[in-house]
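The next block is structure02.cif, given as mmCIF, C-alpha atoms and all ligand atoms.
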```cif
data_input
#
loop_
_atom_site.label_atom_id
_atom_site.label_comp_id
_atom_site.auth_asym_id
_atom_site.auth_seq_id
_atom_site.Cartn_x
_atom_site.Cartn_y
_atom_site.Cartn_z
CA MET A 1 0.00 0.00 0.00
CA GLU A 2 1.43 3.35 -1.05
CA THR A 3 1.36 6.33 1.29
CA ARG A 4 -0.01 9.52 -0.16
CA GLN A 5 0.47 13.02 1.02
CA LEU A 6 -0.65 16.32 -0.37
CA SER A 7 2.46 18.51 -0.89
CA PHE A 8 1.60 21.83 -2.47
CA ILE A 9 3.87 22.95 -5.28
CA THR A 10 4.09 26.32 -6.97
CA PRO A 11 1.18 25.93 -9.40
CA VAL A 12 2.29 25.03 -12.92
CA ARG A 13 0.24 25.80 -16.02
CA LEU A 14 0.73 23.41 -18.92
CA ARG A 15 -0.82 23.31 -22.37
CA ALA A 16 0.05 20.52 -24.78
CA LYS A 17 -1.23 18.30 -27.53
CA VAL A 18 -2.55 14.86 -26.61
CA VAL A 19 -0.51 12.15 -28.34
CA HIS A 20 -0.53 8.35 -28.47
CA GLY A 21 1.31 6.42 -25.80
CA TYR A 22 1.78 2.66 -25.59
CA GLY A 23 -1.96 2.11 -25.74
CA ARG A 24 -2.18 0.23 -22.47
CA GLY A 25 -3.80 2.80 -20.19
CA SER A 26 -7.40 1.97 -21.07
CA LYS A 27 -6.89 -1.48 -22.52
CA GLN A 28 -4.62 -3.15 -20.00
CA LEU A 29 -5.24 -1.08 -16.89
CA GLY A 30 -8.68 0.43 -17.32
CA PHE A 31 -7.38 3.94 -16.69
CA PRO A 32 -7.01 6.07 -19.81
CA THR A 33 -4.26 8.68 -19.64
CA ALA A 34 -3.99 11.54 -22.08
CA ASN A 35 -0.28 11.55 -22.81
CA LEU A 36 1.13 15.03 -23.44
CA GLU A 37 3.41 15.70 -26.35
CA ILE A 38 6.94 16.37 -25.12
CA ARG A 39 9.47 17.36 -27.75
CA TRP A 40 12.62 15.81 -26.28
CA ASP A 41 14.74 15.92 -29.42
CA ALA A 42 14.16 19.55 -30.38
CA ASP A 43 16.51 22.39 -29.62
CA ALA A 44 15.11 24.83 -27.06
CA SER A 45 15.13 27.60 -29.69
CA GLN A 46 12.75 25.58 -31.85
CA LEU A 47 10.17 25.23 -29.11
CA SER A 48 7.29 27.52 -28.28
CA GLU A 49 6.92 28.85 -24.75
CA GLU A 50 4.25 26.24 -24.12
CA GLU A 51 6.32 23.37 -25.42
CA LEU A 52 9.27 24.54 -23.34
CA SER A 53 7.29 24.72 -20.14
CA VAL A 54 5.95 21.20 -20.68
CA ARG A 55 9.45 19.86 -21.20
CA ASP A 56 10.81 21.92 -18.29
CA PHE A 57 8.17 20.47 -16.03
CA ALA A 58 9.25 16.94 -16.90
CA MET A 59 12.93 17.83 -16.45
CA SER A 60 12.76 19.88 -13.28
CA HIS A 61 10.03 18.30 -11.17
CA ARG A 62 10.13 15.12 -9.14
CA THR A 63 8.74 12.10 -10.92
CA GLY A 64 5.57 10.76 -9.38
CA ILE A 65 1.88 11.37 -9.04
CA TYR A 66 0.40 14.88 -8.99
CA CYS A 67 -3.07 16.29 -8.67
CA ALA A 68 -4.25 18.96 -11.03
CA PHE A 69 -7.23 20.61 -12.63
CA GLY A 70 -7.55 20.19 -16.38
CA SER A 71 -9.66 20.95 -19.42
CA VAL A 72 -9.75 19.67 -22.98
CA GLU A 73 -9.93 22.33 -25.68
CA GLY A 74 -12.50 22.06 -28.43
CA PRO A 75 -16.13 20.97 -28.68
CA LEU A 76 -15.64 17.65 -26.87
CA GLY A 77 -14.16 19.32 -23.82
CA GLY A 78 -16.96 21.84 -23.62
CA GLN A 79 -14.60 24.04 -21.61
CA GLN A 80 -15.33 22.05 -18.51
CA VAL A 81 -12.75 21.94 -15.77
CA HIS A 82 -12.12 18.49 -14.32
CA LYS A 83 -10.11 17.02 -11.52
CA VAL A 84 -7.06 15.11 -12.63
CA ALA A 85 -4.70 12.48 -11.24
CA MET A 86 -1.49 12.77 -13.18
CA SER A 87 1.58 10.62 -13.52
CA MET A 88 4.92 12.10 -14.53
CA GLY A 89 7.88 9.83 -14.97
CA TRP A 90 9.11 6.54 -16.37
CA ASN A 91 6.25 4.15 -15.62
CA PRO A 92 8.81 1.85 -13.90
CA THR A 93 6.38 -1.07 -13.75
CA PHE A 94 6.99 -1.40 -17.49
CA ASP A 95 10.41 -1.69 -19.05
CA ASP A 96 9.68 -0.43 -22.54
CA VAL A 97 9.26 3.26 -21.70
CA LYS A 98 12.09 5.23 -23.32
CA ALA A 99 11.32 8.77 -22.15
CA LYS A 100 9.52 10.40 -19.28
CA THR A 101 5.82 10.84 -19.86
CA ILE A 102 3.28 13.27 -18.50
CA GLU A 103 -0.02 11.41 -18.35
CA PRO A 104 -3.12 12.89 -16.82
CA TRP A 105 -5.98 10.59 -15.99
CA ILE A 106 -8.93 12.98 -16.11
CA LEU A 107 -11.49 12.03 -13.49
CA HIS A 108 -14.40 12.35 -15.86
CA HIS A 109 -16.06 10.11 -18.42
CA PHE A 110 -15.60 11.11 -22.06
CA ASP A 111 -17.61 9.43 -24.78
CA GLU A 112 -14.76 9.71 -27.27
CA ASP A 113 -10.99 9.89 -27.50
CA PHE A 114 -9.43 13.28 -27.99
CA TYR A 115 -6.03 12.55 -29.47
CA GLY A 116 -4.74 15.65 -31.26
CA SER A 117 -6.70 18.04 -29.04
CA HIS A 118 -4.95 20.39 -26.69
CA LEU A 119 -5.13 19.84 -22.99
CA ARG A 120 -4.67 22.47 -20.30
CA LEU A 121 -3.47 21.56 -16.83
CA LEU A 122 -3.00 23.48 -13.65
CA VAL A 123 -0.78 21.23 -11.55
CA LEU A 124 -1.15 21.93 -7.84
CA ALA A 125 0.32 19.26 -5.60
CA TYR A 126 2.60 16.24 -5.40
CA VAL A 127 1.06 13.06 -4.05
CA ARG A 128 3.60 10.21 -4.09
CA PRO A 129 6.65 8.90 -5.96
CA GLU A 130 6.17 6.43 -8.77
CA VAL A 131 6.73 2.81 -7.86
CA LYS A 132 7.84 -0.29 -9.72
CA PHE A 133 5.01 -2.67 -8.98
CA GLU A 134 5.30 -6.44 -9.15
CA SER A 135 2.07 -6.79 -11.05
CA THR A 136 -0.31 -4.73 -13.11
CA GLU A 137 -3.03 -5.76 -10.66
CA GLN A 138 -1.20 -3.92 -7.92
CA LEU A 139 -0.62 -0.90 -10.15
CA LYS A 140 -4.33 -0.80 -11.01
CA LYS A 141 -5.27 -0.83 -7.36
CA GLU A 142 -2.91 2.04 -6.59
CA ILE A 143 -4.03 4.14 -9.56
CA ALA A 144 -7.65 3.75 -8.43
CA ALA A 145 -6.64 4.86 -4.93
CA ASP A 146 -4.70 7.82 -6.41
CA GLY A 147 -7.88 8.83 -8.24
CA GLU A 148 -9.84 8.81 -5.00
CA PHE A 149 -7.12 10.68 -3.20
CA CYS A 150 -6.91 13.38 -5.88
CA GLN A 151 -10.70 13.62 -6.14
CA ALA A 152 -10.93 14.31 -2.41
CA SER A 153 -7.83 16.52 -2.21
CA LEU A 154 -8.94 18.78 -5.02
CA SER A 155 -12.18 19.50 -3.18
CA ILE A 156 -10.49 21.34 -0.33
CA PRO A 157 -11.30 25.06 -0.08
CA GLU A 158 -7.66 26.06 -0.77
CA PHE A 159 -8.07 24.79 -4.32
CA ALA A 160 -11.49 26.24 -5.10
CA ALA A 161 -10.08 29.36 -6.77
CA PHE A 162 -7.80 27.29 -9.01
CA GLN A 163 -10.72 25.43 -10.51
CA LYS A 164 -11.95 28.81 -11.79
CA ASP A 165 -8.57 29.88 -13.11
CA PRO A 166 -9.14 31.62 -16.48
CA PHE A 167 -6.21 29.63 -17.92
CA LEU A 168 -8.45 26.55 -17.87
CA THR A 169 -11.38 28.16 -19.70
CA PRO A 170 -9.87 30.19 -22.51
CA TRP A 171 -12.00 32.24 -24.85
CA GLU A 172 -11.79 30.65 -28.26
CA VAL A 173 -11.43 32.85 -31.31
CA GLN A 174 -13.95 31.92 -33.98
CA LYS A 175 -14.78 32.99 -37.53
CA PRO A 176 -18.34 34.01 -38.09
CA PRO A 177 -20.04 31.61 -40.50
CA ALA A 178 -23.18 32.80 -42.19
CA ILE A 179 -26.61 32.27 -40.78
CA PHE A 180 -29.02 31.28 -43.50
CA ALA A 181 -32.27 32.53 -42.23
CA SER A 182 -33.11 34.42 -39.17
CA GLN A 183 -36.22 35.79 -37.75
CA ILE A 184 -36.42 38.45 -35.11
CA VAL A 185 -38.79 37.10 -32.59
CA THR A 186 -38.91 40.03 -30.31
CA SER A 187 -37.14 43.17 -29.30
CA ALA A 188 -38.03 44.58 -25.95
CA PRO A 189 -36.55 45.10 -22.52
CA LEU A 190 -35.03 42.06 -20.94
CA LYS A 191 -37.76 40.64 -18.74
CA GLU A 192 -40.54 41.03 -21.27
CA THR A 193 -38.37 39.60 -24.02
CA LEU A 194 -37.58 36.53 -22.02
CA GLN A 195 -41.16 36.04 -20.96
CA SER A 196 -42.61 36.43 -24.45
CA LEU A 197 -40.34 34.04 -26.30
CA PRO A 198 -42.38 31.68 -28.44
CA PRO A 199 -41.57 27.98 -28.33
CA LEU A 200 -38.51 27.01 -30.26
CA GLN A 201 -39.44 25.43 -33.57
CA PRO A 202 -37.69 22.26 -34.70
CA GLY A 203 -34.64 23.14 -36.74
CA PHE A 204 -34.18 26.49 -35.07
CA ALA A 205 -31.79 27.68 -32.45
CA ARG A 206 -32.19 30.74 -30.37
CA LEU A 207 -29.76 33.59 -30.53
CA PHE A 208 -29.75 36.39 -28.01
CA LEU A 209 -28.01 39.64 -28.69
CA THR A 210 -27.37 41.99 -25.91
CA ARG A 211 -25.41 45.09 -25.15
CA HIS A 212 -22.36 45.25 -22.94
CA GLY A 213 -22.66 47.11 -19.66
CA GLU A 214 -21.85 50.74 -19.06
CA THR A 215 -18.29 51.92 -19.60
CA ASP A 216 -16.22 54.86 -18.46
CA ALA A 217 -16.71 56.49 -21.87
CA ASN A 218 -20.48 55.98 -21.67
CA GLU A 219 -20.54 57.55 -18.26
CA GLN A 220 -18.50 60.53 -19.37
CA GLY A 221 -20.46 60.97 -22.58
CA PHE A 222 -17.78 60.10 -25.14
CA LEU A 223 -18.65 58.35 -28.37
CA CYS A 224 -17.08 54.96 -28.23
CA GLY A 225 -17.58 52.72 -31.24
CA GLY A 226 -15.72 49.92 -32.95
CA ASP A 227 -12.43 51.82 -32.95
CA HIS A 228 -12.34 52.74 -29.32
CA GLU A 229 -11.70 50.78 -26.14
CA SER A 230 -13.28 51.59 -22.83
CA GLN A 231 -13.53 49.52 -19.68
CA LEU A 232 -16.71 48.48 -17.95
CA ASN A 233 -17.30 50.63 -14.92
CA ALA A 234 -18.85 49.46 -11.65
CA GLN A 235 -22.35 50.14 -12.96
CA GLY A 236 -21.54 48.12 -16.10
CA GLU A 237 -20.41 45.16 -14.01
CA LYS A 238 -23.60 45.34 -12.04
CA GLN A 239 -25.65 45.39 -15.23
CA ALA A 240 -23.87 42.35 -16.61
CA GLU A 241 -24.41 40.50 -13.35
CA GLU A 242 -28.10 41.39 -13.39
CA LEU A 243 -28.36 40.25 -16.97
CA ALA A 244 -26.79 36.93 -15.97
CA GLN A 245 -29.20 36.54 -13.07
CA GLU A 246 -32.22 37.23 -15.25
CA LEU A 247 -30.99 34.77 -17.87
CA LEU A 248 -30.43 32.14 -15.21
CA ARG A 249 -34.07 32.49 -14.22
CA SER A 250 -35.40 32.29 -17.77
CA VAL A 251 -33.12 30.16 -19.90
CA ASP A 252 -32.20 26.51 -19.51
CA GLY A 253 -28.64 27.09 -20.48
CA PHE A 254 -26.44 28.30 -23.27
CA ALA A 255 -24.36 26.27 -25.65
CA VAL A 256 -22.18 29.28 -26.32
CA VAL A 257 -21.53 32.61 -24.74
CA GLY A 258 -19.94 34.85 -27.31
CA SER A 259 -18.58 38.31 -27.50
CA SER A 260 -16.70 40.69 -29.74
CA GLU A 261 -13.06 41.27 -28.88
CA GLN A 262 -13.76 44.66 -27.43
CA ARG A 263 -12.90 44.88 -23.79
CA ARG A 264 -16.27 46.12 -22.63
CA ALA A 265 -17.98 43.21 -24.40
CA MET A 266 -15.45 40.66 -23.13
CA GLY A 267 -15.82 41.97 -19.60
CA SER A 268 -19.60 41.66 -19.74
CA ALA A 269 -19.46 38.24 -21.38
CA GLU A 270 -17.04 36.98 -18.74
CA LEU A 271 -19.53 37.82 -16.01
CA VAL A 272 -22.35 36.05 -17.86
CA ALA A 273 -20.16 33.07 -18.76
CA GLN A 274 -19.22 32.56 -15.13
CA ARG A 275 -22.89 31.87 -14.45
CA PHE A 276 -23.10 29.44 -17.37
CA PRO A 277 -20.01 27.31 -16.86
CA ALA A 278 -21.12 24.67 -19.36
CA ALA A 279 -21.25 27.17 -22.23
CA ARG A 280 -18.36 27.45 -24.65
CA ARG A 281 -16.72 30.84 -24.60
CA VAL A 282 -16.23 32.29 -28.00
CA ARG A 283 -14.66 35.51 -29.23
CA VAL A 284 -15.57 36.78 -32.67
CA LYS A 285 -13.37 39.50 -34.09
CA GLU A 286 -15.84 40.37 -36.80
CA LEU A 287 -18.49 41.22 -34.24
CA HIS A 288 -17.02 44.62 -33.46
CA GLU A 289 -19.30 47.59 -33.10
CA MET A 290 -20.05 50.05 -35.81
CA LYS A 291 -17.06 52.31 -36.36
CA TYR A 292 -17.66 56.01 -36.21
CA GLY A 293 -14.43 57.00 -37.94
CA ASP A 294 -13.50 60.59 -37.11
CA LEU A 295 -16.25 60.88 -34.58
CA GLU A 296 -14.79 58.26 -32.26
CA GLY A 297 -13.83 59.68 -28.91
CA ALA A 298 -15.75 62.93 -29.46
CA ARG A 299 -18.14 64.25 -26.89
CA ILE A 300 -21.56 62.83 -27.87
CA ALA A 301 -23.26 66.15 -27.12
CA ASP A 302 -21.08 67.79 -29.80
CA VAL A 303 -21.62 65.24 -32.55
CA ARG A 304 -25.08 63.95 -31.83
CA SER A 305 -26.63 64.95 -35.16
CA ASP A 306 -23.72 63.50 -37.17
CA MET A 307 -23.99 60.35 -35.17
CA ILE A 308 -27.68 59.97 -35.79
CA SER A 309 -27.46 60.56 -39.52
CA LEU A 310 -24.50 58.21 -39.67
CA SER A 311 -26.31 55.36 -38.05
CA GLN A 312 -29.38 56.02 -40.17
CA SER A 313 -27.36 55.77 -43.33
CA TRP A 314 -25.67 52.69 -41.93
CA ARG A 315 -29.03 51.07 -41.42
CA GLN A 316 -29.87 51.86 -45.03
CA GLY A 317 -26.63 50.30 -46.12
CA SER A 318 -25.02 53.50 -47.41
CA LEU A 319 -22.30 54.19 -44.91
CA GLN A 320 -19.48 53.41 -47.32
CA GLU A 321 -17.70 56.70 -47.83
CA ARG A 322 -18.86 58.67 -44.85
CA VAL A 323 -16.10 58.56 -42.29
CA GLY A 324 -13.92 55.69 -43.34
CA GLY A 325 -15.74 53.49 -40.89
CA GLU A 326 -17.60 50.28 -41.22
CA ARG A 327 -18.79 48.87 -44.51
CA GLY A 328 -22.34 49.68 -45.51
CA GLU A 329 -23.98 46.53 -44.35
CA SER A 330 -27.69 46.21 -44.07
CA PRO A 331 -28.90 45.15 -40.65
CA GLU A 332 -29.84 41.82 -42.18
CA ASP A 333 -26.26 41.23 -43.37
CA ARG A 334 -24.94 42.36 -40.08
CA ARG A 335 -27.16 39.97 -38.27
CA SER A 336 -25.78 37.16 -40.38
CA ASN A 337 -22.37 37.84 -38.92
CA PHE A 338 -22.97 35.48 -36.11
CA PRO A 339 -21.36 32.13 -35.71
CA ARG A 340 -23.33 29.01 -35.92
CA ARG A 341 -22.53 25.37 -36.50
CA ARG A 342 -19.86 23.59 -34.52
CA TYR A 343 -22.05 24.55 -31.61
CA VAL A 344 -24.49 22.16 -30.12
CA ARG A 345 -27.71 22.38 -32.06
CA TRP A 346 -31.06 23.45 -30.73
CA GLN A 347 -29.61 25.39 -27.91
CA PRO A 348 -29.49 29.08 -27.31
CA TRP A 349 -26.40 31.10 -27.88
CA MET A 350 -25.80 34.43 -26.39
CA PHE A 351 -23.71 37.20 -27.85
CA ILE A 352 -22.77 40.35 -26.14
CA ASN A 353 -22.00 43.30 -28.28
CA ARG A 354 -23.95 46.44 -28.87
CA ALA A 355 -27.63 45.66 -29.39
CA VAL A 356 -29.29 48.10 -27.06
CA GLU A 357 -31.90 45.76 -25.73
CA LEU A 358 -32.00 42.05 -25.46
CA LEU A 359 -33.14 40.67 -28.80
CA GLY A 360 -34.35 37.13 -29.16
CA TYR A 361 -33.77 35.71 -32.63
CA GLN A 362 -34.74 32.36 -33.94
CA VAL A 363 -32.04 31.24 -36.26
CA ARG A 364 -32.69 28.51 -38.73
CA LEU A 365 -29.94 25.98 -39.01
CA GLY A 366 -29.38 25.37 -42.70
CA HIS A 367 -27.08 22.92 -44.38
CA SER A 368 -23.93 24.91 -44.17
CA PRO A 369 -20.78 23.72 -45.91
CA PHE A 370 -18.91 25.30 -43.02
P1 LIG A 401 -2.31 5.93 -24.88
O1 LIG A 401 -1.27 4.98 -24.46
O2 LIG A 401 -2.34 6.16 -26.36
O3 LIG A 401 -2.24 7.20 -24.09
P2 LIG A 401 -4.61 5.26 -23.29
O4 LIG A 401 -5.24 3.93 -23.15
O5 LIG A 401 -3.90 5.85 -22.12
O6 LIG A 401 -3.67 5.22 -24.55
O7 LIG A 401 -5.79 6.18 -23.79
C1 LIG A 401 -5.74 7.54 -23.62
C2 LIG A 401 -6.67 8.27 -24.53
O8 LIG A 401 -8.03 8.07 -24.15
C3 LIG A 401 -6.40 9.74 -24.35
O9 LIG A 401 -5.41 10.21 -25.25
C4 LIG A 401 -7.74 10.36 -24.60
O10 LIG A 401 -7.86 10.69 -25.98
C5 LIG A 401 -8.74 9.27 -24.25
N1 LIG A 401 -9.46 9.46 -22.97
C6 LIG A 401 -10.77 9.19 -22.80
N2 LIG A 401 -11.16 9.45 -21.53
C7 LIG A 401 -10.07 9.88 -20.86
C8 LIG A 401 -9.85 10.30 -19.52
N3 LIG A 401 -10.86 10.33 -18.62
N4 LIG A 401 -8.61 10.69 -19.16
C9 LIG A 401 -7.61 10.69 -20.06
N5 LIG A 401 -7.76 10.30 -21.35
C10 LIG A 401 -8.97 9.90 -21.78
N1 LIG A 402 3.24 3.67 -13.41
C1 LIG A 402 4.13 3.00 -12.63
O1 LIG A 402 4.93 2.25 -13.16
N2 LIG A 402 4.15 3.19 -11.28
C2 LIG A 402 3.27 3.97 -10.65
O2 LIG A 402 3.35 4.13 -9.43
C3 LIG A 402 2.28 4.63 -11.43
N3 LIG A 402 1.32 5.42 -10.85
C4 LIG A 402 0.38 6.00 -11.63
C5 LIG A 402 -0.62 6.75 -11.01
C6 LIG A 402 -1.61 7.36 -11.78
C7 LIG A 402 -2.70 8.16 -11.11
C8 LIG A 402 -1.59 7.22 -13.17
C9 LIG A 402 -2.64 7.87 -14.02
C10 LIG A 402 -0.60 6.49 -13.77
C11 LIG A 402 0.39 5.87 -13.03
N4 LIG A 402 1.39 5.12 -13.62
C12 LIG A 402 2.31 4.47 -12.83
C13 LIG A 402 1.57 5.14 -15.05
C14 LIG A 402 1.01 3.95 -15.78
O3 LIG A 402 1.98 2.96 -15.83
C15 LIG A 402 0.66 4.44 -17.20
O4 LIG A 402 -0.36 5.39 -17.13
C16 LIG A 402 0.24 3.29 -18.08
O5 LIG A 402 1.33 2.45 -18.30
C17 LIG A 402 -0.32 3.77 -19.42
O6 LIG A 402 0.57 4.60 -20.08
MG MG A 403 -2.06 7.15 -22.00
#
```
Written form, structure tokens:
Amino acid sequence: METRQLSFITPVRLRAKVVHGYGRGSKQLGFPTANLEIRWDADASQLSEEELSVRDFAMSHRTGIYCAFGSVEGPLGGQQVHKVAMSMGWNPTFDDVKAKTIEPWILHHFDEDFYGSHLRLLVLAYVRPEVKFESTEQLKKEIAADGEFCQASLSIPEFAAFQKDPFLTPWEVQKPPAIFASQIVTSAPLKETLQSLPPLQPGFARLFLTRHGETDANEQGFLCGGDHESQLNAQGEKQAEELAQELLRSVDGFAVVGSSEQRRAMGSAELVAQRFPAARRVRVKELHEMKYGDLEGARIADVRSDMISLSQSWRQGSLQERVGGERGESPEDRRSNFPRRRYVRWQPWMFINRAVELLGYQVRLGHSPF
């Protein structure tokens, strides 16, 4: 019987591709391990920061069993953070292992393999040294006990904040594929919108568009469009939190929480996403706000009439030459800028950008070549 002890280490963040090992984790032992790619033969100058830190971990840390939090990137992972029991070392029970491996056993059931995906790990504590066991039966017993030990250890309050570490739930950058048909269901203040949503028809998904919260520029009365950054202020954070609370009451869940890359939108989306941990987090560059060209950063009171005529002409699709800003897209085209596909079907998505009120769209899912 191995003795286990929880020894905290300076937390290590690792991101690496999942590669094939000797194929015996699941088959022979019943414990699949997602072996990390370690580029032993490359020169340090050829390696990315991430690759270097993975290799450094294997070179500089004690071999043995560690506990960690981890997430699998991509649709399969669903940006969920799981507890992990991880082995790093030579697998001394076997004599065919030629290089140290880093092998997390993720304490979660996956329906499919995820070779080739990237895995993120936040390694937090050392548990025990690796041991050369006399039999695979004994090894299996100890791995199972390691899993229980890590499962329990990772539940202690000292680790709670690490499970929420943003490193483990990155915002993915996505291209916006076209939406084929969309229908505005309603456009009204939040509560009424949510209450008046008609049932979702088969073949449709729901798309919510909503504005980010208040920013410093909003508060001070400066025009802040697609070419200007401004942070959420305290009021803006409160608004985003209230939005999240109202959505929690009214919506079953989101498949995706999306946002433009603008800081005010990201900040708002982060607050909503925290309340919908199962949703994928997606950033869409193309979702930026309308650009006001020369008017950006001006005092709204001074440029109000220009601003109004500008957005009117934008709505009519004739913005082209005005101020070197956004292309003259019709609202319908603009609406089609939202990502679809790759996301779980039939579920609502939420995007935070500039729509002034919460809009509920029903989006028909066509047969996209995307
Ligand atoms: P290999 O020797 O190729 O690593 P394994 O039997 O250890 O073979 O299988 C590991 C593979 O199984 C991983 O690369 C991953 O794609 C998949 N897998 C499925 N569920 C898990 C899990 N809970 N933890 C780790 N890997 C898993
Ligand atoms: N291999 C060993 O040879 N000795 C060990 O003590 C050992 N402990 C492990 C503990 C855990 C939690 C895990 C996931 C793996 C461990 N392994 C150990 C590695 C094991 O041999 C390896 O995952 C399989 O051979 C599949 O690659
Ligand atoms: Mg493995």
Practice item. Grab me every residue within 10 Å of ligand LIG 401 (chain A), counting only C-alpha atoms and all ligand atoms, and send it over as a PyMOL selection string. Key: chain A and resi 17-36+70+72+82-86+101-117+119
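Considering the residues A:Val97, A:Leu200, A:Ala269, A:Val284 and counting all atoms listed in the file, ligand MG 403 (chain A) has its shortest atom-to-atom contact with A:Val97.
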Study note, to complete from the structure: Pairwise distance, atom O1 of ligand LIG 402 (chain A) with atom CA of A:Ala68, equals 19.2 Å
Practice item. May I have the residues within 8 Å of A:Phe8 as an MDAnalysis selection string, using all atoms listed in the file and disregarding those fewer than 3 positions away in the same chain? Key: chainID A and resid 124:126
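Shortest separation to ligand LIG 402 (chain A) among A:Asp41, A:Glu148, A:Asp56, A:Glu73 occurs at residue A:Glu148, atoms counted being all atoms listed in the file.
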Check your understanding: Smallest atom-to-atom distance to A:Phe208: which of A:Gln235, A:Gln312, A:Asn353, A:Ser153, using only C-alpha atoms?
Key -> A:Asn353
Revision key, fill the gap. Using all atoms listed in the file, the residue out of A:Glu241, A:Glu2, A:Glu158, A:Glu37 with shortest distance to ligand MG 403 (chain A) is A:Glu37
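Using all atoms listed in the file, the smallest distance between any of A:His61, A:Glu49, A:Asn91, A:Thr3 and ligand MG 403 (chain A) comes from A:Asn91.
Minimum distance to A:Leu207 across A:Ala42, A:Met350, A:Ala279, A:Thr193 (counting all atoms listed in the file) occurs at A:Met350.
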Exercise for review: For A:Leu121, work out the shell of residues within 7 Å, counting all atoms listed in the file and skipping chain neighbours fewer than 3 positions away, then give it as a VMD selection string.
Suggested key: chain A and resid 13 to 15 68 to 71
Exercise for review: Determine, counting only C-alpha atoms, every residue of protein, DNA or RNA that lies within 10 Å of (-15.3, 49.1, -19.9) in the file coordinates, then give the result as a PyMOL selection string.
Suggested key: chain A and resi 212-218+229-237+262-268
